[in-house]
$ cat model-v8.cif   # mmCIF, C-alpha atoms
data_entry
#
loop_
_atom_site.label_atom_id
_atom_site.label_comp_id
_atom_site.auth_asym_id
_atom_site.auth_seq_id
_atom_site.Cartn_x
_atom_site.Cartn_y
_atom_site.Cartn_z
CA MET A 1 20.42 -140.07 331.77
CA LYS A 2 22.50 -142.56 333.70
CA ARG A 3 21.91 -146.03 332.27
CA VAL A 4 19.75 -148.17 330.05
CA ARG A 5 18.27 -151.38 331.38
CA PHE A 6 16.77 -154.04 329.10
CA TRP A 7 13.68 -155.91 330.31
CA GLY A 8 12.60 -157.40 326.98
CA THR A 9 14.76 -157.84 323.89
CA ARG A 10 13.09 -160.51 321.75
CA GLY A 11 11.21 -159.77 318.54
CA SER A 12 7.65 -160.73 317.68
CA LEU A 13 6.99 -163.37 320.32
CA PRO A 14 8.26 -164.18 323.82
CA VAL A 15 10.44 -167.27 324.01
CA ALA A 16 11.73 -169.35 326.93
CA LEU A 17 14.84 -171.42 327.36
CA THR A 18 13.74 -175.05 327.34
CA ALA A 19 14.75 -177.86 329.71
CA ALA A 20 16.87 -179.32 326.92
CA GLY A 21 18.56 -175.95 326.43
CA VAL A 22 19.38 -175.65 330.14
CA ARG A 23 20.70 -179.21 330.14
CA ARG A 24 23.05 -178.48 327.23
CA LYS A 25 24.47 -175.50 329.12
CA VAL A 26 24.97 -177.47 332.31
CA VAL A 27 26.67 -180.34 330.46
CA ALA A 28 29.00 -177.95 328.64
CA ALA A 29 29.87 -176.09 331.85
CA LEU A 30 30.60 -179.32 333.75
CA GLN A 31 32.74 -180.63 330.92
CA GLY A 32 34.70 -177.38 330.94
CA ALA A 33 35.23 -177.76 334.69
CA SER A 34 36.62 -181.25 334.39
CA GLY A 35 39.78 -181.61 336.51
CA ARG A 36 39.25 -178.33 338.32
CA ASN A 37 38.77 -177.93 342.05
CA PHE A 38 36.60 -175.16 343.42
CA GLY A 39 37.60 -174.30 346.97
CA SER A 40 35.05 -171.57 347.45
CA GLU A 41 31.88 -170.10 346.01
CA ALA A 42 33.94 -167.17 344.73
CA GLU A 43 36.16 -169.55 342.74
CA THR A 44 33.09 -171.22 341.29
CA GLU A 45 31.66 -167.86 340.31
CA ARG A 46 34.95 -166.85 338.69
CA TYR A 47 34.81 -170.02 336.60
CA VAL A 48 31.19 -169.34 335.57
CA ASP A 49 32.09 -165.77 334.69
CA SER A 50 34.89 -167.07 332.44
CA LEU A 51 32.44 -169.06 330.33
CA PRO A 52 31.12 -167.67 327.04
CA PHE A 53 27.81 -165.84 327.51
CA PRO A 54 25.65 -168.52 325.84
CA ALA A 55 27.19 -171.19 328.10
CA ALA A 56 26.41 -169.45 331.38
CA GLY A 57 23.57 -167.12 330.43
CA THR A 58 20.75 -166.55 327.99
CA TYR A 59 19.63 -163.68 325.84
CA GLY A 60 16.16 -164.18 327.20
CA GLY A 61 12.74 -164.15 325.86
CA HIS A 62 10.59 -161.15 326.81
CA THR A 63 9.40 -158.86 324.05
CA SER A 64 10.42 -155.22 323.75
CA CYS A 65 10.70 -153.20 326.93
CA VAL A 66 13.63 -150.88 327.70
CA GLU A 67 14.10 -148.62 330.73
CA ILE A 68 16.14 -145.45 330.55
CA GLU A 69 17.23 -144.39 334.00
CA THR A 70 17.18 -140.60 334.08
CA GLY A 71 18.59 -140.05 337.54
CA GLY A 72 15.30 -138.41 338.54
CA PRO A 73 12.31 -139.88 340.37
CA ASP A 74 10.20 -140.60 337.27
CA PHE A 75 10.54 -143.75 335.21
CA LEU A 76 11.12 -143.60 331.46
CA LEU A 77 10.30 -146.66 329.39
CA CYS A 78 10.22 -147.70 325.74
CA ASP A 79 7.42 -150.07 324.77
CA LEU A 80 5.18 -152.35 326.78
CA GLY A 81 6.19 -155.79 325.54
CA SER A 82 6.11 -158.73 327.94
CA GLY A 83 9.25 -157.31 329.59
CA ALA A 84 6.97 -154.71 331.19
CA ARG A 85 5.89 -157.34 333.73
CA PRO A 86 9.33 -157.84 335.37
CA PHE A 87 10.03 -154.12 334.95
CA GLY A 88 6.84 -153.29 336.84
CA LEU A 89 7.78 -155.62 339.69
CA SER A 90 11.23 -154.08 339.85
CA ALA A 91 9.77 -150.58 339.91
CA MET A 92 7.48 -151.59 342.78
CA SER A 93 10.48 -152.86 344.75
CA ARG A 94 12.17 -149.49 344.21
CA ARG A 95 9.27 -147.56 345.78
CA VAL A 96 10.36 -145.39 348.66
CA GLY A 97 7.95 -145.55 351.57
CA GLY A 98 4.98 -146.36 349.37
CA ALA A 99 5.18 -143.00 347.59
CA PRO A 100 3.28 -142.73 344.28
CA GLN A 101 5.31 -143.29 341.12
CA THR A 102 5.16 -141.75 337.65
CA PHE A 103 5.92 -143.69 334.47
CA HIS A 104 6.53 -142.10 331.07
CA ILE A 105 6.16 -144.79 328.41
CA PHE A 106 7.06 -144.23 324.75
CA MET A 107 5.44 -146.57 322.25
CA SER A 108 7.21 -147.45 319.00
CA HIS A 109 3.96 -148.88 317.62
CA LEU A 110 0.92 -150.90 318.58
CA HIS A 111 1.69 -154.41 317.36
CA TRP A 112 0.92 -157.12 319.84
CA ASP A 113 4.47 -157.85 320.94
CA HIS A 114 4.94 -154.20 321.96
CA ILE A 115 1.75 -153.83 324.01
CA MET A 116 1.18 -157.28 325.56
CA GLY A 117 2.86 -156.39 328.88
CA LEU A 118 0.38 -153.68 329.94
CA PRO A 119 -2.27 -156.03 331.41
CA PHE A 120 0.46 -157.43 333.70
CA PHE A 121 2.06 -154.09 334.57
CA VAL A 122 1.50 -153.99 338.32
CA PRO A 123 2.19 -150.24 338.89
CA ALA A 124 -0.85 -149.48 336.72
CA PHE A 125 -3.04 -151.16 339.34
CA ILE A 126 -1.82 -148.91 342.16
CA PRO A 127 -4.00 -145.88 343.04
CA GLY A 128 -1.93 -142.71 343.21
CA ASN A 129 0.50 -143.82 340.50
CA ARG A 130 0.56 -142.02 337.17
CA VAL A 131 1.13 -143.83 333.87
CA VAL A 132 1.63 -141.52 330.89
CA ILE A 133 1.73 -143.31 327.55
CA TYR A 134 3.15 -141.39 324.60
CA GLY A 135 2.89 -142.26 320.92
CA SER A 136 2.23 -140.98 317.45
CA HIS A 137 -0.46 -143.45 316.42
CA ARG A 138 -3.98 -142.06 316.52
CA GLU A 139 -5.22 -145.48 317.71
CA LEU A 140 -2.87 -145.53 320.73
CA GLU A 141 -5.50 -145.50 323.47
CA PHE A 142 -7.92 -147.65 321.46
CA ALA A 143 -5.31 -150.39 320.93
CA LEU A 144 -4.36 -150.58 324.60
CA ARG A 145 -7.97 -150.65 325.78
CA ARG A 146 -9.05 -153.16 323.15
CA GLN A 147 -6.47 -155.79 324.08
CA GLN A 148 -8.16 -156.06 327.50
CA ASP A 149 -11.68 -156.32 326.10
CA LYS A 150 -13.59 -159.59 326.27
CA PRO A 151 -13.02 -162.24 324.98
CA SER A 152 -9.28 -161.49 324.70
CA PHE A 153 -8.60 -160.80 328.39
CA PRO A 154 -10.56 -161.32 331.61
CA VAL A 155 -9.80 -157.93 333.20
CA ASP A 156 -11.04 -154.72 331.60
CA PHE A 157 -8.81 -151.65 331.19
CA SER A 158 -10.97 -149.85 333.77
CA ILE A 159 -9.48 -152.05 336.51
CA PHE A 160 -6.34 -149.91 336.55
CA GLY A 161 -6.16 -147.78 339.69
CA ALA A 162 -3.39 -145.51 338.47
CA ALA A 163 -4.13 -142.35 336.49
CA MET A 164 -3.78 -143.55 332.89
CA GLU A 165 -2.96 -140.73 330.45
CA PHE A 166 -2.34 -140.75 326.72
CA VAL A 167 -0.24 -138.13 324.94
CA HIS A 168 -0.02 -137.78 321.18
CA LEU A 169 3.44 -136.91 319.85
CA ASP A 170 3.93 -135.12 316.57
CA PRO A 171 6.96 -136.56 314.73
CA GLY A 172 9.73 -134.01 314.43
CA VAL A 173 8.49 -131.90 317.34
CA PRO A 174 10.77 -132.42 320.36
CA ARG A 175 9.19 -132.53 323.80
CA GLN A 176 10.58 -132.22 327.34
CA VAL A 177 9.67 -135.16 329.54
CA ALA A 178 11.17 -135.75 332.99
CA GLY A 179 14.17 -133.60 332.14
CA VAL A 180 14.81 -135.41 328.87
CA THR A 181 14.36 -134.01 325.35
CA VAL A 182 12.46 -136.55 323.30
CA ALA A 183 12.25 -136.44 319.49
CA THR A 184 10.29 -138.91 317.37
CA MET A 185 10.65 -140.01 313.79
CA LEU A 186 8.46 -142.04 311.45
CA GLN A 187 9.91 -145.42 310.50
CA ARG A 188 8.98 -147.92 307.81
CA HIS A 189 6.91 -150.76 309.30
CA THR A 190 3.46 -152.14 308.56
CA GLY A 191 1.05 -149.70 310.19
CA ASP A 192 4.02 -147.34 310.83
CA SER A 193 6.42 -147.30 313.73
CA TYR A 194 8.30 -144.46 315.40
CA GLY A 195 11.87 -144.15 316.57
CA TYR A 196 12.85 -142.09 319.61
CA ARG A 197 15.88 -139.95 320.32
CA PHE A 198 16.40 -139.12 323.99
CA GLU A 199 18.86 -136.37 324.97
CA SER A 200 19.81 -135.24 328.44
CA GLN A 201 22.90 -134.09 330.34
CA GLY A 202 25.09 -134.46 327.25
CA ARG A 203 24.00 -138.04 326.62
CA THR A 204 21.94 -139.35 323.70
CA VAL A 205 20.09 -142.65 323.37
CA VAL A 206 18.24 -143.70 320.20
CA TYR A 207 15.56 -146.39 320.29
CA SER A 208 14.85 -147.58 316.76
CA THR A 209 13.06 -150.87 316.53
CA ASP A 210 10.67 -152.43 314.04
CA SER A 211 12.15 -150.34 311.29
CA GLU A 212 12.91 -151.43 307.74
CA HIS A 213 15.41 -149.53 305.65
CA PRO A 214 14.77 -149.23 301.91
CA LEU A 215 18.36 -149.21 300.69
CA ALA A 216 17.64 -147.63 297.32
CA GLN A 217 16.34 -144.41 298.93
CA ALA A 218 19.27 -142.14 299.79
CA GLU A 219 17.03 -139.55 301.47
CA HIS A 220 15.74 -142.26 303.84
CA THR A 221 19.32 -143.16 304.79
CA ASP A 222 20.20 -139.49 305.30
CA ARG A 223 17.20 -139.01 307.59
CA PHE A 224 18.28 -141.90 309.81
CA VAL A 225 21.92 -140.84 309.84
CA GLU A 226 20.82 -137.45 311.17
CA PHE A 227 18.53 -139.09 313.75
CA PHE A 228 21.39 -141.30 314.97
CA ARG A 229 24.00 -138.50 314.75
CA GLY A 230 26.55 -138.65 317.56
CA ALA A 231 24.42 -140.96 319.72
CA ASP A 232 26.06 -142.62 322.72
CA LEU A 233 23.81 -145.65 322.22
CA VAL A 234 21.64 -146.81 319.32
CA ILE A 235 19.21 -149.64 320.13
CA PHE A 236 18.60 -151.13 316.70
CA ASP A 237 16.29 -153.72 315.18
CA ALA A 238 18.68 -156.33 313.79
CA MET A 239 16.20 -159.17 313.49
CA TYR A 240 17.20 -160.55 310.10
CA SER A 241 20.26 -161.04 307.97
CA LEU A 242 20.68 -158.43 305.25
CA ALA A 243 20.00 -161.04 302.55
CA ASP A 244 16.72 -162.09 304.18
CA SER A 245 15.61 -158.53 304.87
CA ILE A 246 15.75 -157.61 301.18
CA SER A 247 14.54 -160.90 299.70
CA VAL A 248 12.24 -163.42 301.37
CA LYS A 249 11.50 -161.05 304.27
CA ALA A 250 11.34 -157.80 302.33
CA ASP A 251 8.46 -155.59 303.54
CA TRP A 252 8.26 -157.49 306.83
CA GLY A 253 9.31 -154.27 308.53
CA HIS A 254 12.66 -155.20 310.07
CA SER A 255 16.34 -154.58 309.57
CA SER A 256 19.73 -156.24 309.84
CA ASN A 257 23.02 -156.02 311.70
CA VAL A 258 24.77 -154.88 308.50
CA VAL A 259 22.54 -151.83 308.06
CA GLY A 260 22.87 -151.08 311.78
CA VAL A 261 26.66 -150.92 311.50
CA GLU A 262 26.54 -148.77 308.37
CA LEU A 263 24.05 -146.24 309.76
CA CYS A 264 25.91 -145.95 313.08
CA GLN A 265 29.25 -145.53 311.31
CA MET A 266 27.86 -142.81 309.05
CA ALA A 267 26.25 -141.10 312.06
CA GLY A 268 29.35 -141.28 314.26
CA ALA A 269 27.44 -143.17 316.95
CA ARG A 270 29.50 -144.78 319.72
CA HIS A 271 27.58 -147.93 320.62
CA LEU A 272 25.28 -150.12 318.54
CA CYS A 273 23.11 -152.51 320.52
CA LEU A 274 21.49 -155.27 318.46
CA PHE A 275 17.86 -155.64 319.52
CA HIS A 276 14.55 -157.36 318.67
CA HIS A 277 16.18 -160.75 318.21
CA GLU A 278 14.62 -163.30 315.88
CA PRO A 279 12.57 -165.66 318.11
CA VAL A 280 13.81 -168.80 316.34
CA PHE A 281 17.42 -167.96 317.25
CA ASP A 282 18.93 -169.75 320.23
CA ASP A 283 21.67 -168.20 322.38
CA GLU A 284 24.47 -169.55 320.20
CA ALA A 285 22.89 -168.11 317.07
CA ILE A 286 22.57 -164.64 318.60
CA GLU A 287 26.14 -164.86 319.91
CA GLY A 288 27.23 -165.75 316.38
CA VAL A 289 25.45 -162.72 314.94
CA LEU A 290 27.13 -160.54 317.57
CA ALA A 291 30.60 -161.91 316.73
CA GLU A 292 30.02 -161.37 313.01
CA THR A 293 28.72 -157.85 313.57
CA ARG A 294 31.80 -156.96 315.61
CA ARG A 295 33.97 -158.36 312.83
CA LEU A 296 32.05 -156.33 310.22
CA GLU A 297 32.60 -153.19 312.29
CA GLU A 298 36.31 -154.02 312.51
CA ILE A 299 36.86 -154.54 308.77
CA THR A 300 34.81 -151.47 307.77
CA ARG A 301 35.94 -149.13 310.57
CA GLY A 302 36.62 -145.52 309.69
CA ASP A 303 38.16 -143.01 312.06
CA ALA A 304 36.46 -144.03 315.29
CA PRO A 305 35.49 -147.47 316.58
CA LEU A 306 31.86 -148.41 317.08
CA TYR A 307 31.23 -150.67 320.06
CA VAL A 308 28.74 -153.42 319.25
CA SER A 309 26.69 -155.39 321.79
CA ALA A 310 23.63 -157.62 321.70
CA ALA A 311 20.83 -156.83 324.13
CA TYR A 312 19.68 -159.45 326.59
CA ASP A 313 17.02 -159.38 329.27
CA GLY A 314 18.78 -157.89 332.29
CA LEU A 315 21.56 -156.09 330.42
CA GLU A 316 22.49 -152.70 331.83
CA ILE A 317 24.47 -150.17 329.80
CA GLU A 318 26.02 -147.22 331.59
CA LEU A 319 25.84 -143.96 329.66
CA MET B 1 34.72 -147.60 290.67
CA GLN B 2 35.52 -149.00 287.22
CA ILE B 3 33.34 -151.42 285.27
CA ALA B 4 34.26 -153.20 282.00
CA THR B 5 31.81 -155.40 280.13
CA ARG B 6 32.55 -158.30 277.78
CA GLN B 7 30.10 -160.53 275.96
CA LEU B 8 31.35 -164.11 276.00
CA ALA B 9 28.92 -165.91 273.68
CA ASP B 10 25.72 -166.15 275.79
CA THR B 11 27.39 -164.80 278.94
CA ALA B 12 27.93 -161.18 279.99
CA LEU B 13 31.07 -160.72 282.07
CA LEU B 14 31.30 -157.50 284.10
CA THR B 15 34.69 -156.78 285.63
CA VAL B 16 34.27 -154.43 288.60
CA GLU B 17 37.06 -152.59 290.42
CA GLY B 18 37.08 -150.33 293.48
CA ARG B 19 34.44 -149.76 296.17
CA VAL B 20 30.76 -150.57 295.64
CA ASP B 21 29.26 -148.28 298.27
CA HIS B 22 26.39 -145.87 298.78
CA ARG B 23 27.95 -143.43 296.33
CA SER B 24 28.93 -145.80 293.52
CA ALA B 25 26.30 -148.57 293.64
CA GLY B 26 24.20 -146.68 291.11
CA GLU B 27 26.95 -147.12 288.50
CA LEU B 28 26.89 -150.89 288.98
CA GLU B 29 23.08 -150.86 288.80
CA GLN B 30 23.31 -148.94 285.52
CA ALA B 31 25.88 -151.33 284.05
CA LEU B 32 23.76 -154.34 285.01
CA SER B 33 20.66 -152.67 283.65
CA THR B 34 22.41 -152.26 280.30
CA VAL B 35 23.14 -155.98 279.99
CA LEU B 36 19.72 -156.93 281.36
CA THR B 37 17.62 -154.64 279.20
CA PRO B 38 16.45 -155.69 275.71
CA PRO B 39 17.70 -155.82 273.02
CA ASP B 40 20.95 -156.70 274.85
CA VAL B 41 19.34 -159.29 277.07
CA ALA B 42 21.74 -161.93 278.28
CA GLN B 43 20.11 -165.22 277.42
CA GLY B 44 22.64 -167.23 279.38
CA THR B 45 24.45 -165.96 282.41
CA VAL B 46 25.75 -162.76 283.97
CA VAL B 47 29.08 -163.16 285.76
CA LEU B 48 30.57 -160.41 287.92
CA ASP B 49 34.34 -160.52 288.28
CA PHE B 50 34.79 -159.01 291.75
CA SER B 51 38.52 -159.71 292.09
CA GLY B 52 39.16 -155.95 291.98
CA VAL B 53 36.42 -154.99 294.46
CA GLU B 54 37.76 -153.84 297.84
CA TYR B 55 34.45 -153.23 299.63
CA ILE B 56 30.71 -153.57 299.09
CA SER B 57 28.00 -151.93 301.20
CA SER B 58 24.39 -152.96 301.77
CA VAL B 59 23.31 -150.72 298.90
CA GLY B 60 25.71 -152.52 296.56
CA LEU B 61 24.53 -155.91 297.78
CA ARG B 62 20.95 -154.87 297.09
CA VAL B 63 21.91 -154.16 293.47
CA LEU B 64 23.20 -157.72 293.18
CA MET B 65 20.02 -159.11 294.73
CA VAL B 66 17.81 -157.18 292.30
CA ALA B 67 19.83 -158.39 289.29
CA ALA B 68 19.80 -161.99 290.53
CA LYS B 69 16.02 -161.88 290.96
CA GLN B 70 15.53 -160.48 287.45
CA LEU B 71 17.69 -163.18 285.91
CA ARG B 72 16.07 -165.93 287.94
CA GLY B 73 12.75 -164.83 286.48
CA ARG B 74 14.18 -165.42 283.00
CA ASN B 75 15.73 -168.73 283.94
CA ALA B 76 19.13 -167.15 283.42
CA GLY B 77 22.11 -167.48 285.71
CA PHE B 78 23.89 -164.93 287.90
CA ALA B 79 27.23 -165.47 289.60
CA VAL B 80 29.89 -163.48 291.42
CA ALA B 81 33.54 -164.53 291.18
CA GLY B 82 36.87 -163.81 292.81
CA LEU B 83 35.89 -162.19 296.10
CA GLN B 84 38.74 -160.58 298.03
CA PRO B 85 38.89 -161.79 301.66
CA VAL B 86 37.19 -158.70 303.12
CA VAL B 87 34.40 -158.81 300.54
CA ALA B 88 34.01 -162.55 301.11
CA GLU B 89 33.53 -161.82 304.82
CA ILE B 90 30.89 -159.20 304.04
CA PHE B 91 29.09 -161.73 301.83
CA ALA B 92 29.17 -164.28 304.66
CA ILE B 93 28.04 -161.86 307.39
CA SER B 94 25.18 -160.56 305.23
CA ARG B 95 24.32 -164.17 304.19
CA PHE B 96 24.68 -163.22 300.53
CA ASP B 97 26.94 -166.24 300.14
CA ARG B 98 23.81 -168.33 300.72
CA VAL B 99 21.58 -166.63 298.17
CA LEU B 100 24.00 -165.88 295.33
CA ALA B 101 26.27 -168.23 293.39
CA VAL B 102 29.81 -167.35 294.49
CA HIS B 103 32.86 -168.84 292.75
CA PRO B 104 36.58 -168.59 293.51
CA ASP B 105 37.35 -167.08 290.10
CA VAL B 106 35.86 -166.32 286.69
CA ALA B 107 36.98 -169.63 285.19
CA ALA B 108 35.11 -171.52 287.91
CA ALA B 109 31.99 -169.41 287.33
CA LEU B 110 32.12 -170.05 283.57
CA ASP B 111 32.47 -173.78 284.21
CA GLN B 112 28.84 -173.65 285.35
CA GLY B 113 27.75 -172.03 282.05
CA SER B 114 27.94 -172.82 278.35
CA GLU B 115 30.83 -174.34 276.42
CA ALA B 116 30.72 -171.36 274.03
CA ALA B 117 31.26 -168.87 276.86
CA ARG B 118 34.22 -170.85 278.18
CA ALA B 119 35.73 -171.01 274.68
CA ALA B 120 35.33 -167.23 274.25
CA TRP B 121 36.97 -166.65 277.64
CA GLN B 122 39.90 -168.89 276.74
CA ALA B 123 40.22 -167.08 273.40
CA GLY B 124 40.60 -163.82 275.32
CA VAL B 125 37.70 -161.78 273.96
CA PRO B 126 38.56 -158.14 274.77
CA PRO B 127 36.32 -155.82 276.79
CA ALA B 128 33.50 -154.38 274.67
CA ALA B 129 32.60 -151.38 276.79
CA THR B 130 33.62 -149.49 279.89
#
$ encode --input "model-v8.cif" --output "structure tokens"
Amino acid sequence: MKRVRFWGTRGSLPVALTAAGVRRKVVAALQGASGRNFGSEAETERYVDSLPFPAAGTYGGHTSCVEIETGGPDFLLCDLGSGARPFGLSAMSRRVGGAPQTFHIFMSHLHWDHIMGLPFFVPAFIPGNRVVIYGSHRELEFALRRQQDKPSFPVDFSIFGAAMEFVHLDPGVPRQVAGVTVATMLQRHTGDSYGYRFESQGRTVVYSTDSEHPLAQAEHTDRFVEFFRGADLVIFDAMYSLADSISVKADWGHSSNVVGVELCQMAGARHLCLFHHEPVFDDEAIEGVLAETRRLEEITRGDAPLYVSAAYDGLEIEL
Amino acid sequence: MQIATRQLADTALLTVEGRVDHRSAGELEQALSTVLTPPDVAQGTVVLDFSGVEYISSVGLRVLMVAAKQLRGRNAGFAVAGLQPVVAEIFAISRFDRVLAVHPDVAAALDQGSEAARAAWQAGVPPAAT
């Protein structure tokens, strides 16, 4: 595995930066540039790059969709949230000479925000392509077909020209896919969700979203620590604050930045990436959560540091 | 972790020292259960003196949340006092500072309770149990 590329990072519902939000960023950037002279485009770009991320960028609004670049010809993807649409277009642009493409897609679960991108996934319309969808839910194929049934969507599932295949995964039974060893684990979420551990060429990536952690159950914690053990990257559902996740939002099926830091520290993971952002959070709020999480890691650090990042649409992490 | 309990009139004061983490949170849960379970029900307030606590994990924070919920159901108070800077940061990052009553010290926490509890505190009632 070479890198991870995020196409959708928002939880529950896609969001878009508003005109007012863009205006605030432009005003702040212009105020910061007051008195400066930009002699070239490169100078201007250097100034923009010096701005805090929320001032010059945005965390973005597509729902869950993460690409793991294996280094081989096949594509490996986690979830089919709305981020699957831009991913699909990117994959099309990477086609070499119109050759057929194969996509291996691992589904955490079948809630709407994790499947809504499939009807807009252009490679699925291309004859000769192969789309293999893996998951541990018995209703996997049913859920993906049903969302395109009338009256919910105008185009039936049968429109897809690619070979559409469904593969059931038994949790705890590793499988080789496109040169990667894939293990799955049951997670706590309404209707169940599954985490994935991908291992290849000495690199390990864990994708663990839509997962609530019952803190009173030590065996649950131990199971996750083992699943995260030594990972180079853990993509982690940090949708809520710890206080919310165990009070007003208990049993909503999500986790917090605090639990993410603790599990990764216990597991000796190297990089925690906060994921599945709360849709009501603006860029400044997510940036604030990231800064606090980095501070928490700093004041609770053991032997080795844990790097903390916050996923945004377009982020690439080298492995 | 060390825990000492005093009854100050209608208020139970638990003085906690050390780390409240995945290993030791059960001890705090047990100590709170003792003061929350009849016939030793605190009719007034439970105050935790955290001035000797160096660290608290999510599991420890959950214990506080459970106790606070129980007491809220009885119309009784729950407060944490004297957070060390690191613990205060953990409270802020986890947003526990927004859902629990946090006071700079025990005296400030007792100021929110009964006159009798404050008088007992000023009289220096010794710890009743450890």
$ residues_around --input "model-v8.cif" --residues "B:His103" --least-positions-apart "2" --cutoff "12 Å" --atoms "all atoms listed in the file" --output "VMD selection string"
chain B and resid 47 to 51 78 to 84 88 97 100 to 101 105 to 112
$ resolve_selection --input "model-v8.cif" --expression "the PyMOL selection byres ((chain A) within 10 of (chain B))" --output "ChimeraX atom specification"
/A:214-218,221,240-247,256-259,262,288-289,291-293,295-296,299-300
$ resolve_selection --input "model-v8.cif" --expression "the PyMOL selection byres ((chain B and resi 16) around 7)" --output "list in words"
Gln2, Ile3, Ala4, Leu14, Thr15, Glu17, Gly18, Asp49, Phe50, Gly52 and Val53 of chain B
$ resolve_selection --input "model-v8.cif" --expression "the PyMOL selection byres ((chain A and resi 228) around 9)" --output "ChimeraX atom specification"
/A:197,204-206,223-227,229-231,233-234,263-264,266-269
$ atom_distance --input "model-v8.cif" --atom1 "atom CA of A:Pro14" --atom2 "atom CA of A:Pro279"
7.3 Å
$ atom_distance --input "model-v8.cif" --atom1 "atom CA of B:Val102" --atom2 "atom CA of B:Val20"
16.8 Å
$ residues_around --input "model-v8.cif" --residues "stretch 37-52 of chain A" --least-positions-apart "5" --cutoff "12 Å" --atoms "all atoms listed in the file" --output "mmCIF file with C-alpha atoms, in the coordinates of the input"
data_model
loop_
_atom_site.group_PDB
_atom_site.id
_atom_site.type_symbol
_atom_site.label_atom_id
_atom_site.label_comp_id
_atom_site.auth_asym_id
_atom_site.auth_seq_id
_atom_site.Cartn_x
_atom_site.Cartn_y
_atom_site.Cartn_z
ATOM 1 C CA LYS A 25 24.470 -175.500 329.120
ATOM 2 C CA VAL A 26 24.970 -177.470 332.310
ATOM 3 C CA ALA A 28 29.000 -177.950 328.640
ATOM 4 C CA ALA A 29 29.870 -176.090 331.850
ATOM 5 C CA LEU A 30 30.600 -179.320 333.750
ATOM 6 C CA GLN A 31 32.740 -180.630 330.920
ATOM 7 C CA GLY A 32 34.700 -177.380 330.940
ATOM 8 C CA GLY A 57 23.570 -167.120 330.430
ATOM 9 C CA THR A 58 20.750 -166.550 327.990
ATOM 10 C CA ASP A 283 21.670 -168.200 322.380
ATOM 11 C CA GLU A 284 24.470 -169.550 320.200
ATOM 12 C CA GLU A 287 26.140 -164.860 319.910
ATOM 13 C CA GLY A 288 27.230 -165.750 316.380
ATOM 14 C CA ALA A 291 30.600 -161.910 316.730
#
$ residues_around --input "model-v8.cif" --residues "B:Glu115" --least-positions-apart "4" --cutoff "12 Å" --atoms "only C-alpha atoms" --output "JSON list (two decimals) with C-alpha atoms, in the frame of the given file"
[["chain", "number", "residue", "atom", "x", "y", "z"],
["B", 8, "LEU", "CA", 31.35, -164.11, 276.00],
["B", 9, "ALA", "CA", 28.92, -165.91, 273.68],
["B", 10, "ASP", "CA", 25.72, -166.15, 275.79],
["B", 11, "THR", "CA", 27.39, -164.80, 278.94],
["B", 44, "GLY", "CA", 22.64, -167.23, 279.38],
["B", 107, "ALA", "CA", 36.98, -169.63, 285.19],
["B", 110, "LEU", "CA", 32.12, -170.05, 283.57],
["B", 111, "ASP", "CA", 32.47, -173.78, 284.21],
["B", 119, "ALA", "CA", 35.73, -171.01, 274.68],
["B", 120, "ALA", "CA", 35.33, -167.23, 274.25],
["B", 121, "TRP", "CA", 36.97, -166.65, 277.64],
["B", 122, "GLN", "CA", 39.90, -168.89, 276.74]]
$ closest_residue --input "model-v8.cif" --among "A:Phe87, A:Ser93, A:Leu80, A:Glu316" --to "A:Leu144" --atoms "only C-alpha atoms"
A:Leu80
$ atom_distance --input "model-v8.cif" --atom1 "atom CA of A:Met107" --atom2 "atom CA of A:Tyr134"
6.1 Å
$ residues_near_point --input "model-v8.cif" --point "(4.7, -149.1, 325.8)" --cutoff "9 Å" --atoms "all atoms listed in the file" --output "list of chain:residue names"
A:Ser64, A:Cys65, A:Leu77, A:Cys78, A:Asp79, A:Leu80, A:Gly81, A:Ala84, A:His104, A:Ile105, A:Phe106, A:Met107, A:Ser108, A:His109, A:Leu110, A:His114, A:Ile115, A:Met116, A:Gly117, A:Leu118, A:Ile133, A:Tyr134, A:Gly135
$ residues_around --input "model-v8.cif" --residues "A:Asp192" --least-positions-apart "6" --cutoff "10 Å" --atoms "only C-alpha atoms" --output "list of chain:residue names"
A:Ser108, A:His109, A:Leu110, A:His111, A:Ser136, A:His137, A:Leu186, A:Asp210, A:Ser211, A:Gly253
$ residues_around --input "model-v8.cif" --residues "A:Gly98" --least-positions-apart "5" --cutoff "12 Å" --atoms "all atoms listed in the file" --output "PyMOL selection string"
chain A and resi 91-93+123+126-129
$ write_last_selection --input "model-v8.cif" --atoms "C-alpha atoms" --output "PDB file, keeping the file's coordinate frame"
ATOM      1  CA  ALA A  91       9.770-150.580 339.910  1.00  0.00           C
ATOM      2  CA  MET A  92       7.480-151.590 342.780  1.00  0.00           C
ATOM      3  CA  SER A  93      10.480-152.860 344.750  1.00  0.00           C
ATOM      4  CA  PRO A 123       2.190-150.240 338.890  1.00  0.00           C
ATOM      5  CA  ILE A 126      -1.820-148.910 342.160  1.00  0.00           C
ATOM      6  CA  PRO A 127      -4.000-145.880 343.040  1.00  0.00           C
ATOM      7  CA  GLY A 128      -1.930-142.710 343.210  1.00  0.00           C
ATOM      8  CA  ASN A 129       0.500-143.820 340.500  1.00  0.00           C
TER       9      ASN A 129
END
$ closest_residue --input "model-v8.cif" --among "B:Gly73, B:Gln7, B:Thr45, B:Ala67" --to "B:Gln30" --atoms "all atoms listed in the file"
B:Ala67
$ closest_residue --input "model-v8.cif" --among "B:Val35, B:Ala76, B:Ala117, B:Glu29" --to "B:Leu64" --atoms "all atoms listed in the file"
B:Glu29
$ decode --input "model-v8.cif" --residues "stretch 70-74 of chain B" --atoms "C-alpha atoms" --output "CSV table (one decimal), in the first residue's frame"
chain,number,residue,atom,x,y,z
B,70,GLN,CA,-27.9,9.1,39.3
B,71,LEU,CA,-27.7,12.1,41.6
B,72,ARG,CA,-29.6,14.3,39.1
B,73,GLY,CA,-32.4,11.7,39.2
B,74,ARG,CA,-32.6,12.2,43.0
